[in-house]
$ cat query-v2.cif   # mmCIF, C-alpha atoms
data_start
loop_
_atom_site.label_atom_id
_atom_site.label_comp_id
_atom_site.auth_asym_id
_atom_site.auth_seq_id
_atom_site.Cartn_x
_atom_site.Cartn_y
_atom_site.Cartn_z
CA MET A 1 -32.05 0.02 -23.26
CA ARG A 2 -28.57 -1.33 -22.69
CA THR A 3 -27.26 -4.54 -24.27
CA VAL A 4 -24.37 -6.18 -22.47
CA ALA A 5 -21.24 -7.08 -24.39
CA ILE A 6 -21.55 -10.52 -25.93
CA SER A 7 -18.84 -12.81 -24.62
CA PRO A 8 -18.87 -16.60 -24.32
CA LEU A 9 -21.28 -17.75 -21.62
CA THR A 10 -21.88 -20.96 -19.74
CA VAL A 11 -25.61 -21.61 -20.12
CA VAL A 12 -27.56 -24.31 -18.27
CA VAL A 13 -30.62 -25.46 -20.25
CA SER A 14 -33.55 -27.61 -19.12
CA GLY A 15 -35.90 -29.01 -21.73
CA ALA A 16 -32.86 -29.10 -24.01
CA THR A 17 -34.16 -31.98 -26.16
CA GLY A 18 -37.53 -30.35 -26.90
CA LEU A 19 -38.50 -28.49 -30.07
CA ILE A 20 -37.20 -25.11 -28.89
CA GLY A 21 -34.42 -26.36 -26.65
CA THR A 22 -32.76 -28.44 -29.38
CA VAL A 23 -32.43 -25.45 -31.71
CA LEU A 24 -31.37 -23.10 -28.91
CA VAL A 25 -28.63 -25.45 -27.69
CA SER A 26 -27.29 -25.93 -31.22
CA ARG A 27 -27.25 -22.20 -31.93
CA LEU A 28 -25.60 -21.25 -28.64
CA ARG A 29 -22.87 -23.83 -29.16
CA ALA A 30 -22.30 -22.67 -32.72
CA GLN A 31 -21.71 -19.17 -31.33
CA GLY A 32 -19.02 -20.43 -28.97
CA HIS A 33 -21.04 -20.62 -25.75
CA THR A 34 -20.77 -23.56 -23.38
CA VAL A 35 -24.10 -25.31 -22.88
CA ARG A 36 -24.77 -27.70 -20.00
CA ARG A 37 -28.01 -29.62 -20.38
CA LEU A 38 -30.15 -30.63 -17.43
CA VAL A 39 -31.13 -34.24 -18.14
CA ARG A 40 -33.23 -36.75 -16.22
CA GLN A 41 -31.94 -40.04 -17.62
CA VAL A 42 -28.37 -41.10 -16.86
CA ARG A 43 -28.15 -43.15 -20.07
CA SER A 44 -28.62 -40.00 -22.15
CA VAL A 45 -25.90 -38.00 -20.40
CA GLN A 46 -23.29 -36.31 -22.56
CA PRO A 47 -20.09 -34.62 -21.37
CA GLY A 48 -20.97 -31.48 -19.42
CA ASP A 49 -24.58 -32.52 -18.74
CA ILE A 50 -26.12 -32.22 -15.28
CA VAL A 51 -28.40 -34.99 -14.00
CA TRP A 52 -31.47 -33.91 -12.08
CA ASP A 53 -34.87 -35.28 -11.09
CA PRO A 54 -37.47 -32.66 -10.16
CA SER A 55 -39.96 -35.36 -9.15
CA ARG A 56 -37.52 -36.41 -6.43
CA ASP A 57 -36.31 -32.88 -5.76
CA THR A 58 -32.72 -33.77 -6.65
CA LEU A 59 -30.22 -31.39 -8.22
CA ASP A 60 -26.61 -30.95 -7.19
CA VAL A 61 -26.32 -27.23 -6.47
CA ARG A 62 -22.55 -27.42 -7.02
CA ALA A 63 -23.15 -28.40 -10.65
CA LEU A 64 -24.71 -24.99 -11.30
CA ALA A 65 -21.67 -23.13 -9.98
CA GLY A 66 -19.95 -21.08 -12.65
CA SER A 67 -23.02 -20.76 -14.86
CA ASP A 68 -23.74 -17.35 -16.39
CA ALA A 69 -27.31 -18.04 -17.45
CA ILE A 70 -30.10 -20.58 -17.00
CA VAL A 71 -32.79 -21.30 -19.57
CA HIS A 72 -35.63 -23.32 -18.07
CA LEU A 73 -37.95 -24.91 -20.65
CA ALA A 74 -38.85 -28.25 -19.06
CA GLY A 75 -42.46 -29.37 -18.54
CA SER A 76 -44.84 -32.16 -19.45
CA PRO A 77 -46.68 -31.78 -22.80
CA ILE A 78 -50.00 -29.92 -22.63
CA ALA A 79 -51.45 -30.97 -26.02
CA VAL A 80 -53.03 -34.18 -24.72
CA ARG A 81 -56.46 -35.04 -23.34
CA TRP A 82 -56.63 -33.76 -19.78
CA THR A 83 -57.72 -36.00 -16.96
CA GLU A 84 -57.45 -34.82 -13.37
CA VAL A 85 -54.35 -36.98 -13.00
CA ARG A 86 -52.85 -35.53 -16.17
CA LYS A 87 -53.55 -31.97 -15.04
CA ARG A 88 -51.80 -32.62 -11.75
CA GLU A 89 -48.82 -34.01 -13.65
CA ILE A 90 -48.69 -30.98 -15.97
CA ARG A 91 -48.82 -28.62 -13.01
CA ALA A 92 -46.30 -30.55 -10.90
CA SER A 93 -43.80 -30.85 -13.77
CA ARG A 94 -43.63 -27.07 -14.08
CA LEU A 95 -43.84 -25.99 -10.48
CA ARG A 96 -41.52 -28.60 -8.98
CA SER A 97 -38.81 -28.08 -11.59
CA THR A 98 -38.99 -24.28 -11.33
CA GLU A 99 -39.01 -24.34 -7.52
CA LEU A 100 -36.03 -26.72 -7.50
CA ILE A 101 -34.00 -24.48 -9.80
CA ALA A 102 -35.04 -21.40 -7.82
CA ARG A 103 -33.87 -22.85 -4.52
CA SER A 104 -30.64 -24.08 -6.09
CA VAL A 105 -29.81 -20.73 -7.66
CA ALA A 106 -30.62 -18.86 -4.47
CA ALA A 107 -28.15 -21.10 -2.61
CA LEU A 108 -25.21 -20.28 -4.90
CA ASP A 109 -22.53 -17.94 -3.60
CA VAL A 110 -21.98 -16.56 -7.11
CA LYS A 111 -25.23 -16.52 -9.01
CA PRO A 112 -25.90 -16.49 -12.75
CA ARG A 113 -26.64 -13.15 -14.39
CA VAL A 114 -29.96 -14.12 -15.89
CA MET A 115 -32.61 -16.80 -16.03
CA LEU A 116 -35.10 -17.30 -18.85
CA SER A 117 -38.08 -19.28 -17.61
CA GLY A 118 -40.81 -20.82 -19.73
CA SER A 119 -44.41 -19.66 -19.65
CA ALA A 120 -47.10 -19.27 -22.32
CA VAL A 121 -49.65 -16.86 -23.78
CA GLY A 122 -52.17 -19.22 -22.22
CA TYR A 123 -51.48 -17.05 -19.16
CA TYR A 124 -54.20 -14.70 -20.44
CA GLY A 125 -56.94 -17.30 -20.88
CA ASP A 126 -59.53 -17.07 -23.66
CA ARG A 127 -59.98 -13.31 -24.18
CA GLY A 128 -61.80 -13.00 -27.51
CA ASP A 129 -60.72 -9.96 -29.55
CA GLU A 130 -58.99 -8.16 -26.65
CA LEU A 131 -55.48 -7.01 -27.54
CA LEU A 132 -53.14 -8.40 -24.89
CA ASN A 133 -49.77 -7.09 -23.76
CA GLU A 134 -47.59 -8.10 -20.84
CA ARG A 135 -49.58 -5.95 -18.41
CA SER A 136 -52.90 -7.63 -19.22
CA ALA A 137 -54.57 -9.59 -16.42
CA PRO A 138 -54.23 -13.39 -16.22
CA GLY A 139 -56.98 -15.81 -17.15
CA VAL A 140 -58.93 -17.77 -14.57
CA ASP A 141 -58.98 -21.15 -16.32
CA PHE A 142 -56.56 -24.03 -15.75
CA LEU A 143 -53.86 -22.69 -18.08
CA GLY A 144 -54.15 -19.15 -16.75
CA SER A 145 -53.84 -20.33 -13.16
CA LEU A 146 -51.00 -22.70 -14.06
CA ALA A 147 -48.99 -20.00 -15.85
CA ARG A 148 -49.49 -17.57 -12.97
CA GLU A 149 -48.17 -20.12 -10.44
CA TRP A 150 -45.38 -21.18 -12.79
CA GLU A 151 -44.14 -17.62 -13.14
CA ALA A 152 -44.50 -16.94 -9.41
CA ALA A 153 -42.25 -19.93 -8.66
CA THR A 154 -39.28 -17.92 -10.00
CA ALA A 155 -39.66 -15.30 -7.23
CA PRO A 156 -36.75 -16.62 -5.10
CA ILE A 157 -34.43 -16.09 -8.07
CA THR A 158 -35.55 -12.49 -8.53
CA ASP A 159 -35.25 -11.95 -4.78
CA ALA A 160 -31.67 -13.25 -4.99
CA GLY A 161 -30.81 -10.45 -7.43
CA VAL A 162 -30.88 -12.46 -10.67
CA ARG A 163 -32.57 -10.95 -13.72
CA VAL A 164 -35.52 -13.17 -14.65
CA VAL A 165 -37.33 -13.12 -18.01
CA LEU A 166 -40.65 -14.97 -18.23
CA LEU A 167 -41.15 -16.35 -21.74
CA ARG A 168 -44.87 -16.21 -22.58
CA THR A 169 -44.55 -18.22 -25.76
CA GLY A 170 -47.21 -18.43 -28.45
CA ILE A 171 -47.72 -21.11 -31.11
CA VAL A 172 -44.23 -21.93 -32.39
CA LEU A 173 -44.16 -22.60 -36.14
CA SER A 174 -42.04 -25.58 -37.11
CA THR A 175 -42.48 -28.67 -39.25
CA GLN A 176 -40.60 -30.67 -36.61
CA GLY A 177 -43.24 -30.42 -33.89
CA GLY A 178 -46.05 -28.42 -32.37
CA ALA A 179 -49.35 -27.32 -33.89
CA LEU A 180 -48.12 -26.74 -37.44
CA ALA A 181 -46.59 -30.21 -37.72
CA LYS A 182 -49.97 -31.69 -36.74
CA LEU A 183 -51.82 -29.59 -39.32
CA LEU A 184 -49.61 -30.41 -42.30
CA PRO A 185 -50.72 -34.02 -42.99
CA PRO A 186 -54.45 -33.24 -43.36
CA PHE A 187 -53.68 -30.11 -45.39
CA HIS A 188 -51.47 -32.08 -47.79
CA LEU A 189 -54.43 -34.44 -48.27
CA GLY A 190 -56.74 -31.52 -49.03
CA LEU A 191 -58.58 -31.93 -45.74
CA GLY A 192 -57.61 -28.66 -44.09
CA GLY A 193 -59.97 -26.00 -42.86
CA PRO A 194 -60.97 -23.79 -39.93
CA ILE A 195 -61.39 -25.31 -36.49
CA GLY A 196 -64.58 -24.54 -34.64
CA SER A 197 -65.79 -21.00 -35.38
CA GLY A 198 -62.42 -20.01 -36.83
CA ARG A 199 -62.72 -16.71 -34.95
CA GLN A 200 -60.29 -17.63 -32.16
CA TRP A 201 -57.03 -15.71 -32.27
CA MET A 202 -53.67 -17.43 -32.74
CA SER A 203 -50.56 -15.78 -31.35
CA TRP A 204 -47.80 -17.40 -33.39
CA ILE A 205 -44.04 -17.08 -33.80
CA ALA A 206 -41.58 -18.71 -36.20
CA LEU A 207 -39.15 -21.05 -34.43
CA ASP A 208 -36.24 -19.01 -35.80
CA ASP A 209 -37.61 -15.81 -34.23
CA GLN A 210 -38.42 -17.66 -31.00
CA VAL A 211 -34.79 -18.68 -30.53
CA ARG A 212 -33.45 -15.31 -31.70
CA ALA A 213 -35.73 -13.57 -29.19
CA MET A 214 -34.44 -15.81 -26.41
CA GLU A 215 -30.87 -14.95 -27.37
CA HIS A 216 -31.84 -11.28 -27.31
CA ALA A 217 -33.24 -11.70 -23.81
CA LEU A 218 -30.03 -13.34 -22.61
CA PHE A 219 -27.92 -10.37 -23.62
CA THR A 220 -30.27 -7.41 -23.11
CA ASP A 221 -30.13 -6.42 -19.48
CA SER A 222 -33.18 -4.15 -19.70
CA MET A 223 -35.38 -7.18 -20.31
CA GLN A 224 -36.98 -8.44 -17.13
CA GLY A 225 -40.32 -9.94 -16.16
CA PRO A 226 -42.97 -11.20 -18.61
CA VAL A 227 -42.28 -11.06 -22.34
CA ASN A 228 -44.77 -12.16 -25.00
CA LEU A 229 -42.86 -14.31 -27.46
CA SER A 230 -45.24 -13.96 -30.37
CA ALA A 231 -45.10 -12.20 -33.73
CA PRO A 232 -46.54 -8.67 -33.95
CA ASN A 233 -49.36 -9.82 -36.24
CA PRO A 234 -51.62 -12.41 -34.56
CA VAL A 235 -54.32 -13.88 -36.80
CA THR A 236 -57.62 -15.68 -36.40
CA ASN A 237 -57.73 -19.41 -36.94
CA ALA A 238 -59.66 -18.84 -40.17
CA GLU A 239 -56.93 -16.53 -41.49
CA PHE A 240 -54.24 -18.96 -40.37
CA VAL A 241 -55.68 -21.94 -42.23
CA THR A 242 -56.46 -19.88 -45.33
CA THR A 243 -52.86 -18.66 -45.41
CA LEU A 244 -51.48 -22.14 -44.82
CA GLY A 245 -53.64 -23.51 -47.64
CA ARG A 246 -52.36 -20.80 -49.98
CA VAL A 247 -48.74 -21.52 -49.07
CA LEU A 248 -49.19 -25.27 -49.61
CA GLY A 249 -51.35 -24.87 -52.71
CA ARG A 250 -54.13 -26.86 -51.04
CA PRO A 251 -57.77 -26.07 -50.25
CA ALA A 252 -58.65 -24.96 -46.72
CA LEU A 253 -62.40 -25.33 -46.90
CA LEU A 254 -63.22 -28.39 -44.80
CA PRO A 255 -64.17 -27.19 -41.31
CA LEU A 256 -63.54 -29.24 -38.20
CA PRO A 257 -66.58 -28.73 -35.94
CA ALA A 258 -65.99 -27.71 -32.35
CA PHE A 259 -67.92 -30.71 -31.02
CA ALA A 260 -65.57 -33.11 -32.84
CA VAL A 261 -62.50 -31.47 -31.31
CA GLU A 262 -64.10 -31.52 -27.87
CA LEU A 263 -64.98 -35.18 -28.32
CA LEU A 264 -61.34 -35.96 -28.98
CA TYR A 265 -59.64 -33.71 -26.43
CA GLY A 266 -62.27 -32.50 -23.96
CA GLU A 267 -61.23 -29.63 -21.69
CA MET A 268 -57.86 -29.29 -23.40
CA ALA A 269 -59.60 -28.48 -26.68
CA ARG A 270 -61.81 -25.83 -25.08
CA ALA A 271 -58.82 -24.21 -23.36
CA THR A 272 -56.37 -24.26 -26.27
CA ILE A 273 -57.56 -25.26 -29.76
CA LEU A 274 -60.95 -23.54 -29.53
CA ALA A 275 -59.73 -20.66 -27.34
CA GLY A 276 -57.36 -17.91 -28.29
CA GLN A 277 -55.21 -14.99 -27.27
CA ARG A 278 -54.54 -11.89 -29.36
CA ALA A 279 -51.16 -11.20 -27.78
CA VAL A 280 -48.65 -8.64 -29.03
CA PRO A 281 -44.90 -8.53 -28.18
CA ALA A 282 -44.83 -5.07 -26.61
CA ALA A 283 -41.91 -5.78 -24.24
CA LEU A 284 -39.85 -7.49 -26.92
CA VAL A 285 -40.27 -4.64 -29.39
CA SER A 286 -39.48 -2.08 -26.67
CA ALA A 287 -36.26 -3.97 -25.99
CA GLY A 288 -35.13 -3.45 -29.59
CA PHE A 289 -35.85 -6.88 -31.04
CA THR A 290 -36.51 -7.04 -34.78
CA PHE A 291 -38.56 -9.92 -36.12
CA ARG A 292 -37.24 -11.74 -39.13
CA TRP A 293 -40.70 -13.14 -39.81
CA PRO A 294 -43.38 -10.63 -38.70
CA LYS A 295 -45.97 -11.72 -41.30
CA LEU A 296 -47.59 -15.15 -41.23
CA GLU A 297 -47.38 -15.99 -44.93
CA ASP A 298 -43.66 -15.22 -45.09
CA ALA A 299 -43.07 -17.27 -41.95
CA LEU A 300 -45.04 -20.26 -43.26
CA ARG A 301 -43.27 -20.17 -46.63
CA SER A 302 -39.89 -20.15 -44.89
CA VAL A 303 -40.78 -22.92 -42.44
CA THR A 304 -42.37 -25.24 -45.01
CA ALA A 305 -39.51 -24.68 -47.49
CA GLU A 306 -37.05 -25.88 -44.85
CA ARG A 307 -38.97 -29.14 -44.72
CA GLY A 308 -38.12 -29.68 -48.34
#

$ encode --input "query-v2.cif" --output "structure tokens"
Amino acid sequence: MRTVAISPLTVVVSGATGLIGTVLVSRLRAQGHTVRRLVRQVRSVQPGDIVWDPSRDTLDVRALAGSDAIVHLAGSPIAVRWTEVRKREIRASRLRSTELIARSVAALDVKPRVMLSGSAVGYYGDRGDELLNERSAPGVDFLGSLAREWEAATAPITDAGVRVVLLRTGIVLSTQGGALAKLLPPFHLGLGGPIGSGRQWMSWIALDDQVRAMEHALFTDSMQGPVNLSAPNPVTNAEFVTTLGRVLGRPALLPLPAFAVELLYGEMARATILAGQRAVPAALVSAGFTFRWPKLEDALRSVTAERG
């Protein structure tokens, strides 16, 4: 493994106002890097931002000139009830934006050194107790097919000689958004408990480690291709809620039946909340990354303490 010397970079970031992007942008700027956000709405433009519109296939290629790295995190939220229209929107938001960036980067005379592109452990589909690393086969459900196409859309960038890292992200632990933020209110009321059977695996990662791992990928030139961004100790849903209850000092005994979740969210529930992946970060560990929060209880105590 070889890590390149860390010098100030110019980094273009899509999805910069999301849960992960907000923290990443703040941390990169604090370290002296120049960050240029890709934004859709002109009224939200700040100095240095780049306006784009993937739905209209518009991005000024010249605005990407001089960038050292691109971090692509944009995409419509998945944690909603899926209709056929919604599924098409989810798919289009990822493929169109990735294809637009890929074509734009390939057209540059001087290309960035690296691109980090979003993906998810949903790539593997619902695999029961199978231990999954980056060489495991993709799933055949909607999320598995979507992630496979999403990752494949970066091919023109790889073909252009740019190092591409595919971020197969797990459940990101934060009180500011995502699954944990949704679980906290019922747990504080004493209404927490396992969801469905509780046997489904949860591949999780603390937000702090998520962003640190992305920084590691930016500067470690041996990292290329798919990387599971998940802690080395995945847990079942039952273990997750028991641990969360212990951290919060609340009971975790009230189960949420599978049929109730399906009634609320339909196919999305079956593919995400009631499904699971037991993914391990083999590529990340091989690249020399050290987790600050490898154990769930420590991670939850840190995250919930930050909430105050």

$ closest_residue --input "query-v2.cif" --among "A:Glu297, A:Asp53, A:Asp60, A:Glu84" --to "A:Leu244" --atoms "only C-alpha atoms"
A:Glu297

$ closest_residue --input "query-v2.cif" --among "A:Ala279, A:Val51, A:Ala260, A:Met268" --to "A:Phe142" --atoms "only C-alpha atoms"
A:Met268

$ closest_residue --input "query-v2.cif" --among "A:Pro8, A:Gly249, A:Pro294, A:Pro255" --to "A:His188" --atoms "all atoms listed in the file"
A:Gly249

$ residues_around --input "query-v2.cif" --residues "A:Met223" --least-positions-apart "3" --cutoff "9 Å" --atoms "all atoms listed in the file" --output "ChimeraX atom specification"
/A:1,163-165,216-220,226-227,283-284,287

$ residues_around --input "query-v2.cif" --residues "A:Thr242" --least-positions-apart "2" --cutoff "12 Å" --atoms "only C-alpha atoms" --output "VMD selection string"
chain A and resid 187 192 to 195 198 235 to 240 244 to 255 296 to 297 300

$ residues_near_point --input "query-v2.cif" --point "(-53.8, -14.8, -23.1)" --cutoff "9 Å" --atoms "all atoms listed in the file" --output "VMD selection string"
chain A and resid 120 to 127 132 to 133 136 to 139 144 203 276 to 279

$ atom_distance --input "query-v2.cif" --atom1 "atom CA of A:Ile157" --atom2 "atom CA of A:Val13"
15.8 Å

$ atom_distance --input "query-v2.cif" --atom1 "atom CA of A:Thr243" --atom2 "atom CA of A:Val80"
25.9 Å

$ closest_residue --input "query-v2.cif" --among "A:Gly118, A:Gly128, A:Pro257, A:Pro232" --to "A:Ser97" --atoms "all atoms listed in the file"
A:Gly118

$ closest_residue --input "query-v2.cif" --among "A:Thr175, A:Gln224, A:Thr290, A:Gln200" --to "A:Gly161" --atoms "all atoms listed in the file"
A:Gln224

$ closest_residue --input "query-v2.cif" --among "A:Leu167, A:Leu146, A:Ala16, A:Val61" --to "A:Lys87" --atoms "all atoms listed in the file"
A:Leu146

$ atom_distance --input "query-v2.cif" --atom1 "atom CA of A:Leu95" --atom2 "atom CA of A:Val35"
23.3 Å

$ resolve_selection --input "query-v2.cif" --expression "the PyMOL selection byres ((chain A and resi 101) around 9)" --output "PDB file with C-alpha atoms, in the frame of the given file"
ATOM      1  CA  PRO A  54     -37.470 -32.660 -10.160  1.00  0.00           C
ATOM      2  CA  LEU A  59     -30.220 -31.390  -8.220  1.00  0.00           C
ATOM      3  CA  VAL A  61     -26.320 -27.230  -6.470  1.00  0.00           C
ATOM      4  CA  HIS A  72     -35.630 -23.320 -18.070  1.00  0.00           C
ATOM      5  CA  ARG A  96     -41.520 -28.600  -8.980  1.00  0.00           C
ATOM      6  CA  SER A  97     -38.810 -28.080 -11.590  1.00  0.00           C
ATOM      7  CA  THR A  98     -38.990 -24.280 -11.330  1.00  0.00           C
ATOM      8  CA  GLU A  99     -39.010 -24.340  -7.520  1.00  0.00           C
ATOM      9  CA  LEU A 100     -36.030 -26.720  -7.500  1.00  0.00           C
ATOM     10  CA  ALA A 102     -35.040 -21.400  -7.820  1.00  0.00           C
ATOM     11  CA  ARG A 103     -33.870 -22.850  -4.520  1.00  0.00           C
ATOM     12  CA  SER A 104     -30.640 -24.080  -6.090  1.00  0.00           C
ATOM     13  CA  VAL A 105     -29.810 -20.730  -7.660  1.00  0.00           C
ATOM     14  CA  ALA A 106     -30.620 -18.860  -4.470  1.00  0.00           C
ATOM     15  CA  THR A 154     -39.280 -17.920 -10.000  1.00  0.00           C
ATOM     16  CA  ILE A 157     -34.430 -16.090  -8.070  1.00  0.00           C
TER      17      ILE A 157
END

$ resolve_selection --input "query-v2.cif" --expression "the PyMOL selection byres ((chain A and resi 34) around 7)" --output "PDB file with C-alpha atoms, keeping the file's coordinate frame"
ATOM      1  CA  LEU A   9     -21.280 -17.750 -21.620  1.00  0.00           C
ATOM      2  CA  THR A  10     -21.880 -20.960 -19.740  1.00  0.00           C
ATOM      3  CA  VAL A  11     -25.610 -21.610 -20.120  1.00  0.00           C
ATOM      4  CA  ARG A  29     -22.870 -23.830 -29.160  1.00  0.00           C
ATOM      5  CA  GLY A  32     -19.020 -20.430 -28.970  1.00  0.00           C
ATOM      6  CA  HIS A  33     -21.040 -20.620 -25.750  1.00  0.00           C
ATOM      7  CA  VAL A  35     -24.100 -25.310 -22.880  1.00  0.00           C
ATOM      8  CA  ARG A  36     -24.770 -27.700 -20.000  1.00  0.00           C
TER       9      ARG A  36
END

$ residues_around --input "query-v2.cif" --residues "A:Leu180" --least-positions-apart "5" --cutoff "10 Å" --atoms "all atoms listed in the file" --output "ChimeraX atom specification"
/A:171-175,185,244,300,303-304

$ residues_around --input "query-v2.cif" --residues "A:Trp52" --least-positions-apart "6" --cutoff "7 Å" --atoms "all atoms listed in the file" --output "count of residues only"
5

$ residues_around --input "query-v2.cif" --residues "A:Ala258" --least-positions-apart "6" --cutoff "9 Å" --atoms "all atoms listed in the file" --output "ChimeraX atom specification"
/A:195-197,269-270,274

$ resolve_selection --input "query-v2.cif" --expression "the PyMOL selection byres ((chain A and resi 292) around 12)" --output "ChimeraX atom specification"
/A:205-213,231-232,289-291,293-296,298-299,302

$ decode --input "query-v2.cif" --residues "stretch 246-298 of chain A" --atoms "C-alpha atoms" --output "JSON list (two decimals), in the first residue's frame"
[["chain", "number", "residue", "atom", "x", "y", "z"],
["A", 246, "ARG", "CA", -28.79, -0.24, 27.03],
["A", 247, "VAL", "CA", -27.01, 2.92, 25.89],
["A", 248, "LEU", "CA", -30.15, 5.03, 26.32],
["A", 249, "GLY", "CA", -31.22, 3.33, 29.55],
["A", 250, "ARG", "CA", -34.55, 2.39, 27.97],
["A", 251, "PRO", "CA", -36.30, -0.94, 27.41],
["A", 252, "ALA", "CA", -36.06, -2.57, 23.98],
["A", 253, "LEU", "CA", -38.76, -5.17, 24.36],
["A", 254, "LEU", "CA", -41.64, -3.96, 22.19],
["A", 255, "PRO", "CA", -41.36, -5.69, 18.81],
["A", 256, "LEU", "CA", -42.55, -4.10, 15.60],
["A", 257, "PRO", "CA", -44.15, -6.89, 13.53],
["A", 258, "ALA", "CA", -43.01, -7.34, 9.96],
["A", 259, "PHE", "CA", -46.56, -6.97, 8.63],
["A", 260, "ALA", "CA", -46.86, -3.51, 10.22],
["A", 261, "VAL", "CA", -43.64, -2.32, 8.58],
["A", 262, "GLU", "CA", -44.74, -3.74, 5.24],
["A", 263, "LEU", "CA", -48.10, -2.03, 5.60],
["A", 264, "LEU", "CA", -46.33, 1.30, 6.02],
["A", 265, "TYR", "CA", -43.53, 0.97, 3.47],
["A", 266, "GLY", "CA", -44.33, -1.97, 1.20],
["A", 267, "GLU", "CA", -41.49, -3.19, -1.02],
["A", 268, "MET", "CA", -39.04, -0.73, 0.50],
["A", 269, "ALA", "CA", -39.52, -2.36, 3.91],
["A", 270, "ARG", "CA", -38.94, -5.86, 2.53],
["A", 271, "ALA", "CA", -35.79, -4.74, 0.71],
["A", 272, "THR", "CA", -34.22, -2.65, 3.48],
["A", 273, "ILE", "CA", -35.72, -2.67, 6.99],
["A", 274, "LEU", "CA", -36.59, -6.38, 7.01],
["A", 275, "ALA", "CA", -33.63, -7.46, 4.86],
["A", 276, "GLY", "CA", -29.99, -7.37, 5.78],
["A", 277, "GLN", "CA", -26.38, -7.68, 4.75],
["A", 278, "ARG", "CA", -23.57, -9.03, 6.91],
["A", 279, "ALA", "CA", -20.87, -7.00, 5.17],
["A", 280, "VAL", "CA", -17.28, -6.66, 6.37],
["A", 281, "PRO", "CA", -14.79, -3.94, 5.32],
["A", 282, "ALA", "CA", -12.11, -6.22, 3.87],
["A", 283, "ALA", "CA", -10.78, -3.70, 1.32],
["A", 284, "LEU", "CA", -10.74, -0.85, 3.81],
["A", 285, "VAL", "CA", -8.81, -2.83, 6.40],
["A", 286, "SER", "CA", -6.37, -4.07, 3.74],
["A", 287, "ALA", "CA", -5.74, -0.44, 2.81],
["A", 288, "GLY", "CA", -4.58, 0.31, 6.36],
["A", 289, "PHE", "CA", -7.65, 2.08, 7.72],
["A", 290, "THR", "CA", -8.17, 1.93, 11.49],
["A", 291, "PHE", "CA", -11.68, 2.31, 12.83],
["A", 292, "ARG", "CA", -12.19, 4.70, 15.69],
["A", 293, "TRP", "CA", -15.50, 3.01, 16.51],
["A", 294, "PRO", "CA", -15.32, -0.72, 15.64],
["A", 295, "LYS", "CA", -17.80, -1.82, 18.35],
["A", 296, "LEU", "CA", -21.46, -0.85, 18.24],
["A", 297, "GLU", "CA", -21.94, 0.10, 21.89],
["A", 298, "ASP", "CA", -18.95, 2.45, 21.87]]
